[in-house]
file data-v1.tsv (TSV, C-alpha atoms)
chain	number	residue	atom	x	y	z
T	5	MET	CA	0.00	0.00	0.00
T	6	ASN	CA	1.27	3.47	-0.89
T	7	PRO	CA	1.03	5.49	2.36
T	8	ALA	CA	0.96	8.75	0.41
T	9	LYS	CA	-2.06	7.75	-1.68
T	10	THR	CA	-5.37	9.23	-0.61
T	11	ASP	CA	-8.89	9.48	-1.97
T	12	ALA	CA	-9.38	12.89	-0.33
T	13	ARG	CA	-9.82	15.85	-2.61
T	14	ARG	CA	-9.75	19.59	-2.12
T	15	HIS	CA	-13.16	21.19	-1.59
T	16	HIS	CA	-12.13	24.83	-1.41
T	17	ASP	CA	-10.09	27.42	-3.26
T	18	PRO	CA	-6.88	27.91	-1.23
T	19	GLN	CA	-6.41	31.36	-2.77
T	20	VAL	CA	-9.57	32.71	-1.12
T	21	ARG	CA	-9.00	34.58	2.14
T	22	GLY	CA	-11.24	36.94	4.08
T	23	PHE	CA	-11.31	38.99	7.24
T	24	ALA	CA	-13.86	37.10	9.31
T	25	SER	CA	-11.56	35.43	11.84
T	26	ASP	CA	-7.99	34.31	12.38
T	27	ASN	CA	-9.61	30.92	13.02
T	28	TYR	CA	-10.42	30.76	9.29
T	29	ALA	CA	-6.74	30.48	8.39
T	30	GLY	CA	-5.17	27.08	7.86
T	31	ALA	CA	-2.18	25.72	9.72
T	32	HIS	CA	1.25	27.17	9.11
T	33	PRO	CA	3.44	24.92	6.92
T	34	GLU	CA	6.05	24.62	9.67
T	35	VAL	CA	3.33	23.34	12.03
T	36	MET	CA	2.18	20.83	9.44
T	37	ALA	CA	5.77	19.68	9.01
T	38	ALA	CA	6.08	19.23	12.77
T	39	LEU	CA	2.92	17.09	12.84
T	40	ALA	CA	4.41	14.83	10.17
T	41	LEU	CA	7.64	14.64	12.16
T	42	ALA	CA	5.75	13.50	15.25
T	43	ASN	CA	3.83	10.85	13.31
T	44	GLY	CA	4.93	7.25	12.94
T	45	GLY	CA	5.80	4.71	15.58
T	46	HIS	CA	4.26	4.51	19.03
T	47	GLN	CA	4.40	7.08	21.80
T	48	VAL	CA	2.90	6.79	25.26
T	49	ALA	CA	-0.63	8.21	25.35
T	50	TYR	CA	-2.28	10.90	27.50
T	51	GLY	CA	0.70	13.22	27.75
T	52	GLU	CA	3.47	10.84	28.77
T	53	ASP	CA	5.12	11.23	25.36
T	54	ASP	CA	8.46	12.80	24.45
T	55	TYR	CA	6.89	15.79	22.69
T	56	THR	CA	4.82	16.84	25.70
T	57	GLU	CA	7.86	16.40	27.94
T	58	ASN	CA	9.90	18.68	25.69
T	59	LEU	CA	7.06	21.21	25.57
T	60	GLN	CA	7.46	21.70	29.32
T	61	ARG	CA	11.05	22.80	28.79
T	62	ILE	CA	9.96	25.28	26.13
T	63	ILE	CA	7.14	26.65	28.29
T	64	ARG	CA	9.55	27.22	31.16
T	65	SER	CA	11.87	29.14	28.83
T	66	HIS	CA	9.00	31.56	28.15
T	67	PHE	CA	7.27	31.68	31.54
T	68	GLY	CA	9.78	30.77	34.21
T	69	ALA	CA	11.11	27.72	36.00
T	70	THR	CA	7.87	26.87	37.83
T	71	ALA	CA	5.54	27.08	34.83
T	72	GLU	CA	3.74	23.92	33.77
T	73	ALA	CA	1.70	23.38	30.60
T	74	PHE	CA	-1.40	21.25	30.27
T	75	PRO	CA	-2.26	20.92	26.55
T	76	VAL	CA	-5.97	20.92	25.71
T	77	PHE	CA	-8.08	20.79	22.56
T	78	ASN	CA	-9.40	24.36	22.30
T	79	GLY	CA	-9.64	27.81	23.84
T	80	THR	CA	-12.98	27.36	25.57
T	81	GLY	CA	-11.66	24.19	27.14
T	82	ALA	CA	-8.53	26.00	28.29
T	83	ASN	CA	-10.55	28.78	29.89
T	84	VAL	CA	-13.04	26.49	31.62
T	85	VAL	CA	-10.33	24.19	32.98
T	86	ALA	CA	-8.15	27.09	34.10
T	87	LEU	CA	-10.98	28.89	35.88
T	88	GLN	CA	-12.13	25.72	37.65
T	89	ALA	CA	-8.58	25.20	38.87
T	90	VAL	CA	-8.57	28.51	40.75
T	91	THR	CA	-12.12	28.56	42.17
T	92	ASP	CA	-14.21	26.75	44.72
T	93	ARG	CA	-17.71	25.46	43.95
T	94	TRP	CA	-19.13	28.70	45.36
T	95	GLY	CA	-16.66	30.88	43.49
T	96	ALA	CA	-17.26	33.59	40.91
T	97	VAL	CA	-15.14	35.18	38.19
T	98	ILE	CA	-14.98	38.93	37.57
T	99	CYS	CA	-14.53	39.74	33.88
T	100	ALA	CA	-15.23	42.42	31.31
T	101	GLU	CA	-18.72	42.30	29.84
T	102	SER	CA	-17.13	41.81	26.42
T	103	ALA	CA	-14.94	38.89	27.58
T	104	HIS	CA	-14.91	35.77	25.44
T	105	ILE	CA	-15.86	33.65	28.45
T	106	ASN	CA	-19.02	35.74	28.78
T	107	VAL	CA	-20.02	36.37	25.18
T	108	ASP	CA	-18.64	33.61	22.98
T	109	GLU	CA	-18.37	30.36	24.92
T	110	GLY	CA	-21.99	29.25	24.86
T	111	GLY	CA	-22.35	29.41	28.63
T	112	ALA	CA	-19.59	26.80	29.08
T	113	PRO	CA	-18.04	28.45	32.18
T	114	GLU	CA	-21.47	28.37	33.84
T	115	ARG	CA	-22.84	25.08	32.50
T	116	MET	CA	-19.68	22.99	32.42
T	117	GLY	CA	-17.55	24.78	35.02
T	118	GLY	CA	-20.32	25.65	37.45
T	119	LEU	CA	-19.00	29.21	37.66
T	120	LYS	CA	-20.77	32.50	38.15
T	121	LEU	CA	-19.48	35.30	35.92
T	122	LEU	CA	-19.62	38.79	37.42
T	123	THR	CA	-19.36	41.12	34.44
T	124	VAL	CA	-18.32	44.75	34.25
T	125	PRO	CA	-18.98	47.11	31.29
T	126	THR	CA	-15.75	48.61	29.94
T	127	PRO	CA	-15.14	51.31	27.33
T	128	ASP	CA	-12.31	49.44	25.60
T	129	GLY	CA	-12.48	45.80	26.73
T	130	LYS	CA	-10.02	46.40	29.58
T	131	LEU	CA	-10.57	46.03	33.30
T	132	THR	CA	-8.99	48.36	35.86
T	133	PRO	CA	-8.76	48.07	39.65
T	134	GLU	CA	-11.62	50.57	39.91
T	135	LEU	CA	-13.81	48.59	37.50
T	136	ILE	CA	-13.00	45.35	39.31
T	137	ASP	CA	-14.25	46.86	42.55
T	138	ARG	CA	-17.72	47.20	41.07
T	139	GLN	CA	-18.02	43.43	41.55
T	140	ALA	CA	-15.34	42.73	44.18
T	141	TYR	CA	-17.44	42.61	47.34
T	142	GLY	CA	-19.63	40.34	49.42
T	143	TRP	CA	-17.12	37.62	50.25
T	144	GLU	CA	-18.93	36.70	53.46
T	145	ASP	CA	-22.42	37.05	51.99
T	146	GLU	CA	-23.80	33.55	51.47
T	147	HIS	CA	-26.46	34.99	49.17
T	148	ARG	CA	-23.87	36.07	46.63
T	149	ALA	CA	-21.36	34.04	44.63
T	150	MET	CA	-17.90	34.70	46.08
T	151	PRO	CA	-15.50	36.69	43.85
T	152	GLN	CA	-12.37	34.55	43.68
T	153	VAL	CA	-10.82	35.25	40.29
T	154	VAL	CA	-10.28	38.19	37.97
T	155	SER	CA	-10.11	37.13	34.31
T	156	ILE	CA	-8.57	39.46	31.73
T	157	THR	CA	-7.88	38.97	28.02
T	158	GLN	CA	-4.65	39.94	26.23
T	159	SER	CA	-5.16	41.12	23.55
T	160	THR	CA	-8.76	41.99	24.39
T	161	GLU	CA	-11.85	41.09	22.42
T	162	LEU	CA	-11.83	44.66	21.08
T	163	GLY	CA	-8.26	44.43	19.84
T	164	THR	CA	-6.83	46.62	22.60
T	165	LEU	CA	-3.84	45.84	24.81
T	166	TYR	CA	-2.99	46.01	28.48
T	167	THR	CA	0.45	47.36	29.28
T	168	PRO	CA	2.54	45.25	31.67
T	169	GLY	CA	2.03	47.96	34.29
T	170	GLU	CA	-1.73	47.80	33.94
T	171	ILE	CA	-1.70	44.03	34.44
T	172	ARG	CA	0.61	44.38	37.43
T	173	ALA	CA	-1.83	46.84	39.00
T	174	ILE	CA	-4.71	44.42	38.42
T	175	CYS	CA	-2.77	41.51	39.93
T	176	GLU	CA	-1.71	43.48	42.99
T	177	HIS	CA	-5.28	44.72	43.47
T	178	ALA	CA	-6.79	41.26	43.06
T	179	HIS	CA	-4.25	39.52	45.28
T	180	ALA	CA	-4.71	42.11	48.02
T	181	ARG	CA	-8.39	41.11	48.07
T	182	GLY	CA	-7.65	37.40	48.14
T	183	MET	CA	-8.44	36.83	44.45
T	184	LYS	CA	-6.36	35.15	41.75
T	185	VAL	CA	-5.79	36.34	38.19
T	186	HIS	CA	-6.43	34.39	35.00
T	187	LEU	CA	-5.29	35.64	31.60
T	188	ASP	CA	-7.09	34.50	28.48
T	189	GLY	CA	-4.24	34.51	25.98
T	190	SER	CA	-5.90	33.21	22.84
T	191	ARG	CA	-4.08	36.06	21.05
T	192	ILE	CA	-1.21	36.46	23.49
T	193	ALA	CA	1.33	36.30	20.65
T	194	ASN	CA	-0.24	39.31	18.96
T	195	ALA	CA	-0.02	41.23	22.23
T	196	ALA	CA	3.63	40.38	22.78
T	197	ALA	CA	4.47	41.26	19.18
T	198	SER	CA	2.74	44.62	19.43
T	199	LEU	CA	4.22	45.50	22.81
T	200	ASN	CA	7.62	44.17	21.65
T	201	VAL	CA	8.21	42.34	24.92
T	202	PRO	CA	8.48	38.66	25.91
T	203	MET	CA	5.24	37.03	27.00
T	204	ARG	CA	6.58	36.69	30.55
T	205	THR	CA	6.72	40.48	30.86
T	206	PHE	CA	2.95	40.74	31.22
T	207	THR	CA	2.20	37.31	32.75
T	208	ASN	CA	4.28	35.62	35.44
T	209	ALA	CA	6.55	38.66	35.87
T	210	VAL	CA	3.62	40.82	36.98
T	211	GLY	CA	1.65	38.30	39.02
T	212	VAL	CA	-0.71	36.38	36.70
T	213	ASP	CA	-1.52	33.04	38.32
T	214	ILE	CA	-2.80	30.98	35.40
T	215	LEU	CA	-2.86	31.44	31.65
T	216	SER	CA	-4.83	30.11	28.70
T	217	LEU	CA	-2.17	29.96	25.97
T	218	GLY	CA	-3.47	30.22	22.42
T	219	GLY	CA	-2.14	28.38	19.39
T	220	THR	CA	-4.96	27.94	16.90
T	221	LYS	CA	-5.37	31.62	16.00
T	222	ASN	CA	-1.62	31.89	15.38
T	223	GLY	CA	-0.94	29.03	13.00
T	224	ALA	CA	-1.74	25.80	14.82
T	225	LEU	CA	-4.11	23.21	13.39
T	226	PHE	CA	-5.76	22.79	16.78
T	227	GLY	CA	-4.71	22.90	20.39
T	228	GLU	CA	-4.09	25.34	23.22
T	229	ALA	CA	-2.66	24.93	26.71
T	230	VAL	CA	-3.43	25.87	30.26
T	231	VAL	CA	-0.19	27.19	31.73
T	232	VAL	CA	0.03	27.19	35.50
T	233	LEU	CA	2.29	30.04	36.55
T	234	ASN	CA	1.64	29.99	40.30
T	235	GLN	CA	1.65	26.42	41.52
T	236	ASP	CA	0.19	27.45	44.88
T	237	ALA	CA	-2.90	28.89	43.18
T	238	VAL	CA	-4.24	25.71	41.58
T	239	ARG	CA	-5.55	22.32	42.60
T	240	GLN	CA	-5.72	19.01	40.76
T	241	MET	CA	-5.18	20.26	37.23
T	242	LYS	CA	-4.71	16.76	35.83
T	243	HIS	CA	-8.05	15.62	37.21
T	244	LEU	CA	-9.85	18.77	36.07
T	245	ARG	CA	-8.52	18.44	32.53
T	246	LYS	CA	-9.69	14.83	32.28
T	247	MET	CA	-13.06	15.50	33.87
T	248	SER	CA	-13.57	18.42	31.48
T	249	MET	CA	-13.00	16.17	28.43
T	250	GLN	CA	-9.85	18.04	27.44
T	251	LEU	CA	-7.31	15.23	27.85
T	252	ALA	CA	-6.04	14.14	24.42
T	253	SER	CA	-5.01	10.52	24.12
T	254	LYS	CA	-2.59	11.30	21.28
T	255	MET	CA	-1.36	14.42	23.00
T	256	ARG	CA	1.92	14.45	21.09
T	257	PHE	CA	0.03	15.98	18.15
T	258	VAL	CA	-1.10	18.92	20.28
T	259	SER	CA	2.25	19.37	21.98
T	260	VAL	CA	4.35	19.24	18.82
T	261	GLN	CA	2.32	22.09	17.30
T	262	LEU	CA	2.97	24.29	20.33
T	263	GLU	CA	6.61	23.22	20.18
T	264	ALA	CA	6.81	24.27	16.52
T	265	LEU	CA	5.36	27.67	17.35
T	266	LEU	CA	7.25	28.37	20.57
T	267	ALA	CA	10.65	26.64	20.31
T	268	LYS	CA	12.04	29.42	18.15
T	269	ASP	CA	10.26	32.48	16.78
T	270	LEU	CA	7.44	31.17	14.57
T	271	TRP	CA	4.84	32.38	17.10
T	272	LEU	CA	6.32	35.87	16.94
T	273	ARG	CA	6.75	35.96	13.16
T	274	ASN	CA	3.14	34.91	12.63
T	275	ALA	CA	1.79	37.43	15.12
T	276	ARG	CA	3.89	40.31	13.83
T	277	HIS	CA	2.71	39.68	10.30
T	278	ALA	CA	-0.96	39.56	11.32
T	279	ASN	CA	-0.53	42.78	13.29
T	280	GLU	CA	1.21	44.49	10.38
T	281	MET	CA	-1.62	43.53	8.05
T	282	ALA	CA	-4.14	44.98	10.51
T	283	GLN	CA	-2.18	48.24	10.54
T	284	ARG	CA	-2.14	48.27	6.75
T	285	LEU	CA	-5.87	47.66	6.70
T	286	ALA	CA	-6.52	50.42	9.24
T	287	GLU	CA	-4.43	52.91	7.25
T	288	GLY	CA	-6.40	52.10	4.12
T	289	VAL	CA	-9.75	52.31	5.87
T	290	ARG	CA	-8.97	55.68	7.48
T	291	ALA	CA	-8.74	57.14	3.98
T	292	VAL	CA	-12.32	56.09	3.18
T	293	HIS	CA	-14.79	58.86	3.95
T	294	GLY	CA	-17.74	57.67	6.03
T	295	VAL	CA	-15.97	54.76	7.74
T	296	GLU	CA	-15.07	55.15	11.42
T	297	ILE	CA	-12.49	53.02	13.23
T	298	LEU	CA	-13.77	52.63	16.79
T	299	TYR	CA	-10.84	51.37	18.87
T	300	PRO	CA	-7.06	51.66	18.73
T	301	VAL	CA	-5.68	49.04	16.34
T	302	GLN	CA	-3.12	47.41	18.61
T	303	ALA	CA	-3.20	43.75	17.56
T	304	ASN	CA	-4.65	41.97	14.51
T	305	GLY	CA	-8.24	43.25	14.55
T	306	VAL	CA	-9.94	46.35	13.17
T	307	PHE	CA	-13.35	47.41	14.46
T	308	ALA	CA	-15.25	49.89	12.33
T	309	ARG	CA	-18.64	51.49	11.84
T	310	LEU	CA	-20.06	51.95	8.35
T	311	PRO	CA	-23.49	51.95	6.69
T	312	HIS	CA	-25.31	48.65	7.12
T	313	ASP	CA	-26.09	48.24	3.44
T	314	VAL	CA	-22.45	48.75	2.52
T	315	SER	CA	-21.41	46.02	4.95
T	316	GLU	CA	-23.97	43.62	3.50
T	317	ARG	CA	-22.77	44.22	-0.05
T	318	LEU	CA	-19.12	43.94	1.00
T	319	GLN	CA	-19.84	40.64	2.76
T	320	LYS	CA	-20.80	39.16	-0.60
T	321	ARG	CA	-17.25	39.81	-1.76
T	322	PHE	CA	-15.28	39.11	1.45
T	323	ARG	CA	-16.17	37.13	4.56
T	324	PHE	CA	-16.38	39.14	7.79
T	325	TYR	CA	-18.78	39.48	10.71
T	326	PHE	CA	-20.91	42.16	12.25
T	327	TRP	CA	-19.77	42.87	15.79
T	328	ASP	CA	-22.85	44.91	16.69
T	329	GLU	CA	-25.22	44.77	13.74
T	330	ALA	CA	-27.75	47.19	15.19
T	331	ALA	CA	-25.03	49.82	15.53
T	332	GLY	CA	-23.43	49.04	12.17
T	333	VAL	CA	-20.20	47.85	13.80
T	334	VAL	CA	-18.09	45.22	12.02
T	335	ARG	CA	-14.92	43.34	12.89
T	336	TRP	CA	-12.12	42.67	10.39
T	337	MET	CA	-9.45	40.19	11.49
T	338	CYS	CA	-6.06	39.58	9.92
T	339	SER	CA	-4.15	36.30	10.08
T	340	PHE	CA	-0.63	34.98	9.70
T	341	ASP	CA	-1.40	34.25	6.03
T	342	THR	CA	-3.12	37.55	5.17
T	343	THR	CA	-1.26	39.19	2.28
T	344	GLU	CA	-0.77	42.82	1.33
T	345	ASP	CA	-2.77	42.11	-1.82
T	346	ASP	CA	-5.63	40.76	0.32
T	347	VAL	CA	-5.72	43.99	2.28
T	348	ASP	CA	-5.42	46.25	-0.74
T	349	LEU	CA	-8.17	44.41	-2.64
T	350	PHE	CA	-10.44	44.67	0.39
T	351	VAL	CA	-9.84	48.39	0.82
T	352	ALA	CA	-10.48	48.94	-2.89
T	353	ALA	CA	-13.75	46.99	-2.62
T	354	LEU	CA	-14.74	49.03	0.45
T	355	LYS	CA	-14.14	52.26	-1.46
T	356	GLU	CA	-16.24	50.98	-4.36
T	357	GLU	CA	-19.15	50.02	-2.14
T	358	MET	CA	-19.01	53.28	-0.18
T	359	ALA	CA	-19.15	55.20	-3.48
T	360	ARG	CA	-22.30	53.42	-4.69
call {"tool": "encode", "arguments": {"input": "data-v1.tsv", "output": "structure tokens"}}
result
Amino acid sequence: MNPAKTDARRHHDPQVRGFASDNYAGAHPEVMAALALANGGHQVAYGEDDYTENLQRIIRSHFGATAEAFPVFNGTGANVVALQAVTDRWGAVICAESAHINVDEGGAPERMGGLKLLTVPTPDGKLTPELIDRQAYGWEDEHRAMPQVVSITQSTELGTLYTPGEIRAICEHAHARGMKVHLDGSRIANAAASLNVPMRTFTNAVGVDILSLGGTKNGALFGEAVVVLNQDAVRQMKHLRKMSMQLASKMRFVSVQLEALLAKDLWLRNARHANEMAQRLAEGVRAVHGVEILYPVQANGVFARLPHDVSERLQKRFRFYFWDEAAGVVRWMCSFDTTEDDVDLFVAALKEEMAR
């Protein structure tokens, strides 16, 4: 039998790219090569393989000597497992109203994790100590879920960034009130690339206790990791991961993807490129009369307001989503494989539709 022979056939045009989500992009060729490298032969299942062992070394090089990675299937799984690890059954999580755990995870933190989310409206997707205090009270009130964790996202769901100092202030504020800090880092690479600092600078170095480390949005085929930064903050991560249906039997194929991204600089190259394409897109859009960019473009997303009918016509030419359809707000995301031509063609199409 020829192992390279397959009856599979391509069902899409690989030249077509849009601006709907960085999840739409395929896997980076170097990640695909790593998957092939890890294939063949037998490796111990459920994380006792050589690739997962080596991943721990790589994770420690980024996040310090006490960091420990627990690979999982996806970002929602990472968040739910991480938050369960730092809460009691009666615990609650303070987060921005726009947080992914609140808006885009189908109620998984509540339904699967048994957690109460205490949300706070924010102008730019970012929490502050003052905003946290709107929900940080009532620890001894048995009628109220107990605030035990502050969850922030870097970069945020609105494409904005926390500075390391802002995260330090949040961690110090939360810890002083007996709470832990979780960072949803589904786009952590984009944040580090934009800030031009190592990931540790705004995670373990400033007091973050536990991290959801993204891979899929930055070139992986699938797979994320929960990274425990403060070993004293968590309990029974191995059991929680299994109970939450996030333990991969063939974990080497998750770990080797994260290894391919993180061992050298692929994670940073991918993120820098996506960010640069978002800046190019924003520059082009700013020149279009009648289109308003709503938030600072600090990572790989552009949020804009334009006439609803223009968006609908443009969506027939390029894939993208409404963020707030009633307000005419859309989101345009760039990926590691977005090209300058993609951006320029999109801006030209936007100009055409605005002129109609």
call {"tool": "closest_residue", "arguments": {"input": "data-v1.tsv", "among": "T:Glu170, T:Asp313, T:Asp137, T:Asp188", "to": "Thr123 in chain T", "atoms": "only C-alpha atoms"}}
result
T:Asp137
call {"tool": "closest_residue", "arguments": {"input": "data-v1.tsv", "among": "T:His312, T:Arg14, T:Lys9, T:Leu349", "to": "Val289 in chain T", "atoms": "all atoms listed in the file"}}
result
T:Leu349
call {"tool": "atom_distance", "arguments": {"input": "data-v1.tsv", "atom1": "CA of Glu228 in chain T", "atom2": "CA of Val48 in chain T"}}
result
19.9 Å
call {"tool": "atom_distance", "arguments": {"input": "data-v1.tsv", "atom1": "CA of Val124 in chain T", "atom2": "CA of Ala331 in chain T"}}
result
20.5 Å
call {"tool": "closest_residue", "arguments": {"input": "data-v1.tsv", "among": "T:Met255, T:Leu298, T:Leu310, T:Ala112", "to": "Met358 in chain T", "atoms": "only C-alpha atoms"}}
result
T:Leu310
call {"tool": "closest_atom_pairs", "arguments": {"input": "data-v1.tsv", "of": "range 165-254 of chain T", "to": "range 150-160 of chain T", "cutoff": "8 Å", "atoms": "all atoms listed in the file", "output": "JSON lines"}}
result
{"residue": "T:Leu165", "atom": "CA", "partner": "T:Ser159", "partner_atom": "CA", "distance": 5.1}
{"residue": "T:Tyr166", "atom": "CA", "partner": "T:Gln158", "partner_atom": "CA", "distance": 6.7}
{"residue": "T:Ala178", "atom": "CA", "partner": "T:Val154", "partner_atom": "CA", "distance": 6.9}
{"residue": "T:Gly182", "atom": "CA", "partner": "T:Gln152", "partner_atom": "CA", "distance": 7.1}
{"residue": "T:Met183", "atom": "CA", "partner": "T:Gln152", "partner_atom": "CA", "distance": 4.6}
{"residue": "T:Lys184", "atom": "CA", "partner": "T:Val153", "partner_atom": "CA", "distance": 4.7}
{"residue": "T:Val185", "atom": "CA", "partner": "T:Val154", "partner_atom": "CA", "distance": 4.9}
{"residue": "T:His186", "atom": "CA", "partner": "T:Ser155", "partner_atom": "CA", "distance": 4.6}
{"residue": "T:Leu187", "atom": "CA", "partner": "T:Ile156", "partner_atom": "CA", "distance": 5.0}
{"residue": "T:Asp188", "atom": "CA", "partner": "T:Thr157", "partner_atom": "CA", "distance": 4.6}
{"residue": "T:Gly189", "atom": "CA", "partner": "T:Gln158", "partner_atom": "CA", "distance": 5.5}
{"residue": "T:Ser190", "atom": "CA", "partner": "T:Gln158", "partner_atom": "CA", "distance": 7.6}
{"residue": "T:Arg191", "atom": "CA", "partner": "T:Ser159", "partner_atom": "CA", "distance": 5.7}
{"residue": "T:Ile192", "atom": "CA", "partner": "T:Gln158", "partner_atom": "CA", "distance": 5.6}
{"residue": "T:Asn194", "atom": "CA", "partner": "T:Ser159", "partner_atom": "CA", "distance": 7.0}
{"residue": "T:Ala195", "atom": "CA", "partner": "T:Ser159", "partner_atom": "CA", "distance": 5.3}
call {"tool": "atom_distance", "arguments": {"input": "data-v1.tsv", "atom1": "CA of His147 in chain T", "atom2": "CA of Ile98 in chain T"}}
result
16.8 Å
call {"tool": "residues_near_point", "arguments": {"input": "data-v1.tsv", "point": "(-5.7, 29.4, 38.4)", "cutoff": "9 Å", "atoms": "all atoms listed in the file", "output": "compact mmCIF listing (two decimals) with C-alpha atoms, in the coordinates of the input"}}
result
# COMPACT_ATOMS: atom_id res chain seq x y z
CA VAL T 85 -10.33 24.19 32.98
CA ALA T 86 -8.15 27.09 34.10
CA LEU T 87 -10.98 28.89 35.88
CA GLN T 88 -12.13 25.72 37.65
CA ALA T 89 -8.58 25.20 38.87
CA VAL T 90 -8.57 28.51 40.75
CA THR T 91 -12.12 28.56 42.17
CA VAL T 153 -10.82 35.25 40.29
CA LYS T 184 -6.36 35.15 41.75
CA VAL T 185 -5.79 36.34 38.19
CA HIS T 186 -6.43 34.39 35.00
CA VAL T 212 -0.71 36.38 36.70
CA ASP T 213 -1.52 33.04 38.32
CA ILE T 214 -2.80 30.98 35.40
CA LEU T 215 -2.86 31.44 31.65
CA VAL T 231 -0.19 27.19 31.73
CA VAL T 232 0.03 27.19 35.50
CA LEU T 233 2.29 30.04 36.55
CA ASN T 234 1.64 29.99 40.30
CA GLN T 235 1.65 26.42 41.52
CA ASP T 236 0.19 27.45 44.88
CA ALA T 237 -2.90 28.89 43.18
CA VAL T 238 -4.24 25.71 41.58
CA ARG T 239 -5.55 22.32 42.60
call {"tool": "closest_residue", "arguments": {"input": "data-v1.tsv", "among": "T:Asp145, T:Tyr28, T:Leu225, T:Ala303", "to": "Leu199 in chain T", "atoms": "all atoms listed in the file"}}
result
T:Ala303
call {"tool": "residues_around", "arguments": {"input": "data-v1.tsv", "residues": "range 53-55 of chain T", "least_positions_apart": "6", "cutoff": "9 Å", "atoms": "all atoms listed in the file", "output": "list in words"}}
result
Ala42, Gln47, Lys254, Met255, Arg256, Phe257, Val258, Ser259, Val260 and Glu263 of chain T
call {"tool": "residues_around", "arguments": {"input": "data-v1.tsv", "residues": "Phe340 in chain T", "least_positions_apart": "3", "cutoff": "6 Å", "atoms": "all atoms listed in the file", "output": "list of chain:residue names"}}
result
T:Asn274, T:His277, T:Ala278
call {"tool": "residues_around", "arguments": {"input": "data-v1.tsv", "residues": "Gly30 in chain T", "least_positions_apart": "6", "cutoff": "9 Å", "atoms": "only C-alpha atoms", "output": "list in words"}}
result
Gly223, Ala224, Leu225 and Asp341 of chain T
call {"tool": "write_last_selection", "arguments": {"input": "data-v1.tsv", "atoms": "C-alpha atoms", "output": "mmCIF file, in the coordinates of the input"}}
result
data_model
loop_
_atom_site.group_PDB
_atom_site.id
_atom_site.type_symbol
_atom_site.label_atom_id
_atom_site.label_comp_id
_atom_site.auth_asym_id
_atom_site.auth_seq_id
_atom_site.Cartn_x
_atom_site.Cartn_y
_atom_site.Cartn_z
ATOM 1 C CA GLY T 223 -0.940 29.030 13.000
ATOM 2 C CA ALA T 224 -1.740 25.800 14.820
ATOM 3 C CA LEU T 225 -4.110 23.210 13.390
ATOM 4 C CA ASP T 341 -1.400 34.250 6.030
#
call {"tool": "closest_residue", "arguments": {"input": "data-v1.tsv", "among": "T:Ala267, T:Ala149, T:Val347, T:Leu251", "to": "Ile62 in chain T", "atoms": "all atoms listed in the file"}}
result
T:Ala267
call {"tool": "residues_near_point", "arguments": {"input": "data-v1.tsv", "point": "(7.3, 26.9, 17.6)", "cutoff": "10 Å", "atoms": "only C-alpha atoms", "output": "PyMOL selection string"}}
result
chain T and resi 34-35+38+59+62+219+223-224+260-272
call {"tool": "closest_residue", "arguments": {"input": "data-v1.tsv", "among": "T:Gly227, T:Gly169, T:Gly163, T:Gly44", "to": "Tyr299 in chain T", "atoms": "only C-alpha atoms"}}
result
T:Gly163
call {"tool": "residues_around", "arguments": {"input": "data-v1.tsv", "residues": "Ala282 in chain T", "least_positions_apart": "6", "cutoff": "12 Å", "atoms": "all atoms listed in the file", "output": "PyMOL selection string"}}
result
chain T and resi 23+26+163+194+198+275-276+288-289+297+300-307+335-344+346-348+350-351
call {"tool": "residues_around", "arguments": {"input": "data-v1.tsv", "residues": "Ile171 in chain T", "least_positions_apart": "2", "cutoff": "10 Å", "atoms": "all atoms listed in the file", "output": "number ranges by chain"}}
result
T: 130-133, 156, 158, 166-169, 173-177, 185, 187, 205-207, 209-212
call {"tool": "decode", "arguments": {"input": "data-v1.tsv", "residues": "range 151-157 of chain T", "atoms": "N, CA, C and O atoms", "output": "tab-separated table (two decimals), in the first residue's frame"}}
result
chain	number	residue	atom	x	y	z
T	151	PRO	N	-16.53	36.33	44.84
T	151	PRO	CA	-15.50	36.69	43.85
T	151	PRO	C	-14.16	36.07	44.24
T	151	PRO	O	-13.61	36.37	45.30
T	152	GLN	N	-13.64	35.21	43.39
T	152	GLN	CA	-12.37	34.55	43.68
T	152	GLN	C	-11.31	34.75	42.60
T	152	GLN	O	-10.14	34.52	42.85
T	153	VAL	N	-11.74	35.13	41.42
T	153	VAL	CA	-10.82	35.25	40.29
T	153	VAL	C	-11.16	36.50	39.47
T	153	VAL	O	-12.34	36.81	39.28
T	154	VAL	N	-10.13	37.16	38.98
T	154	VAL	CA	-10.28	38.19	37.97
T	154	VAL	C	-9.73	37.61	36.67
T	154	VAL	O	-8.59	37.14	36.63
T	155	SER	N	-10.54	37.63	35.62
T	155	SER	CA	-10.11	37.13	34.31
T	155	SER	C	-9.99	38.30	33.34
T	155	SER	O	-10.93	39.07	33.16
T	156	ILE	N	-8.80	38.43	32.74
T	156	ILE	CA	-8.57	39.46	31.73
T	156	ILE	C	-8.15	38.78	30.43
T	156	ILE	O	-7.75	37.61	30.42
T	157	THR	N	-8.24	39.51	29.33
T	157	THR	CA	-7.88	38.97	28.02
T	157	THR	C	-6.82	39.85	27.38
T	157	THR	O	-6.93	41.07	27.39
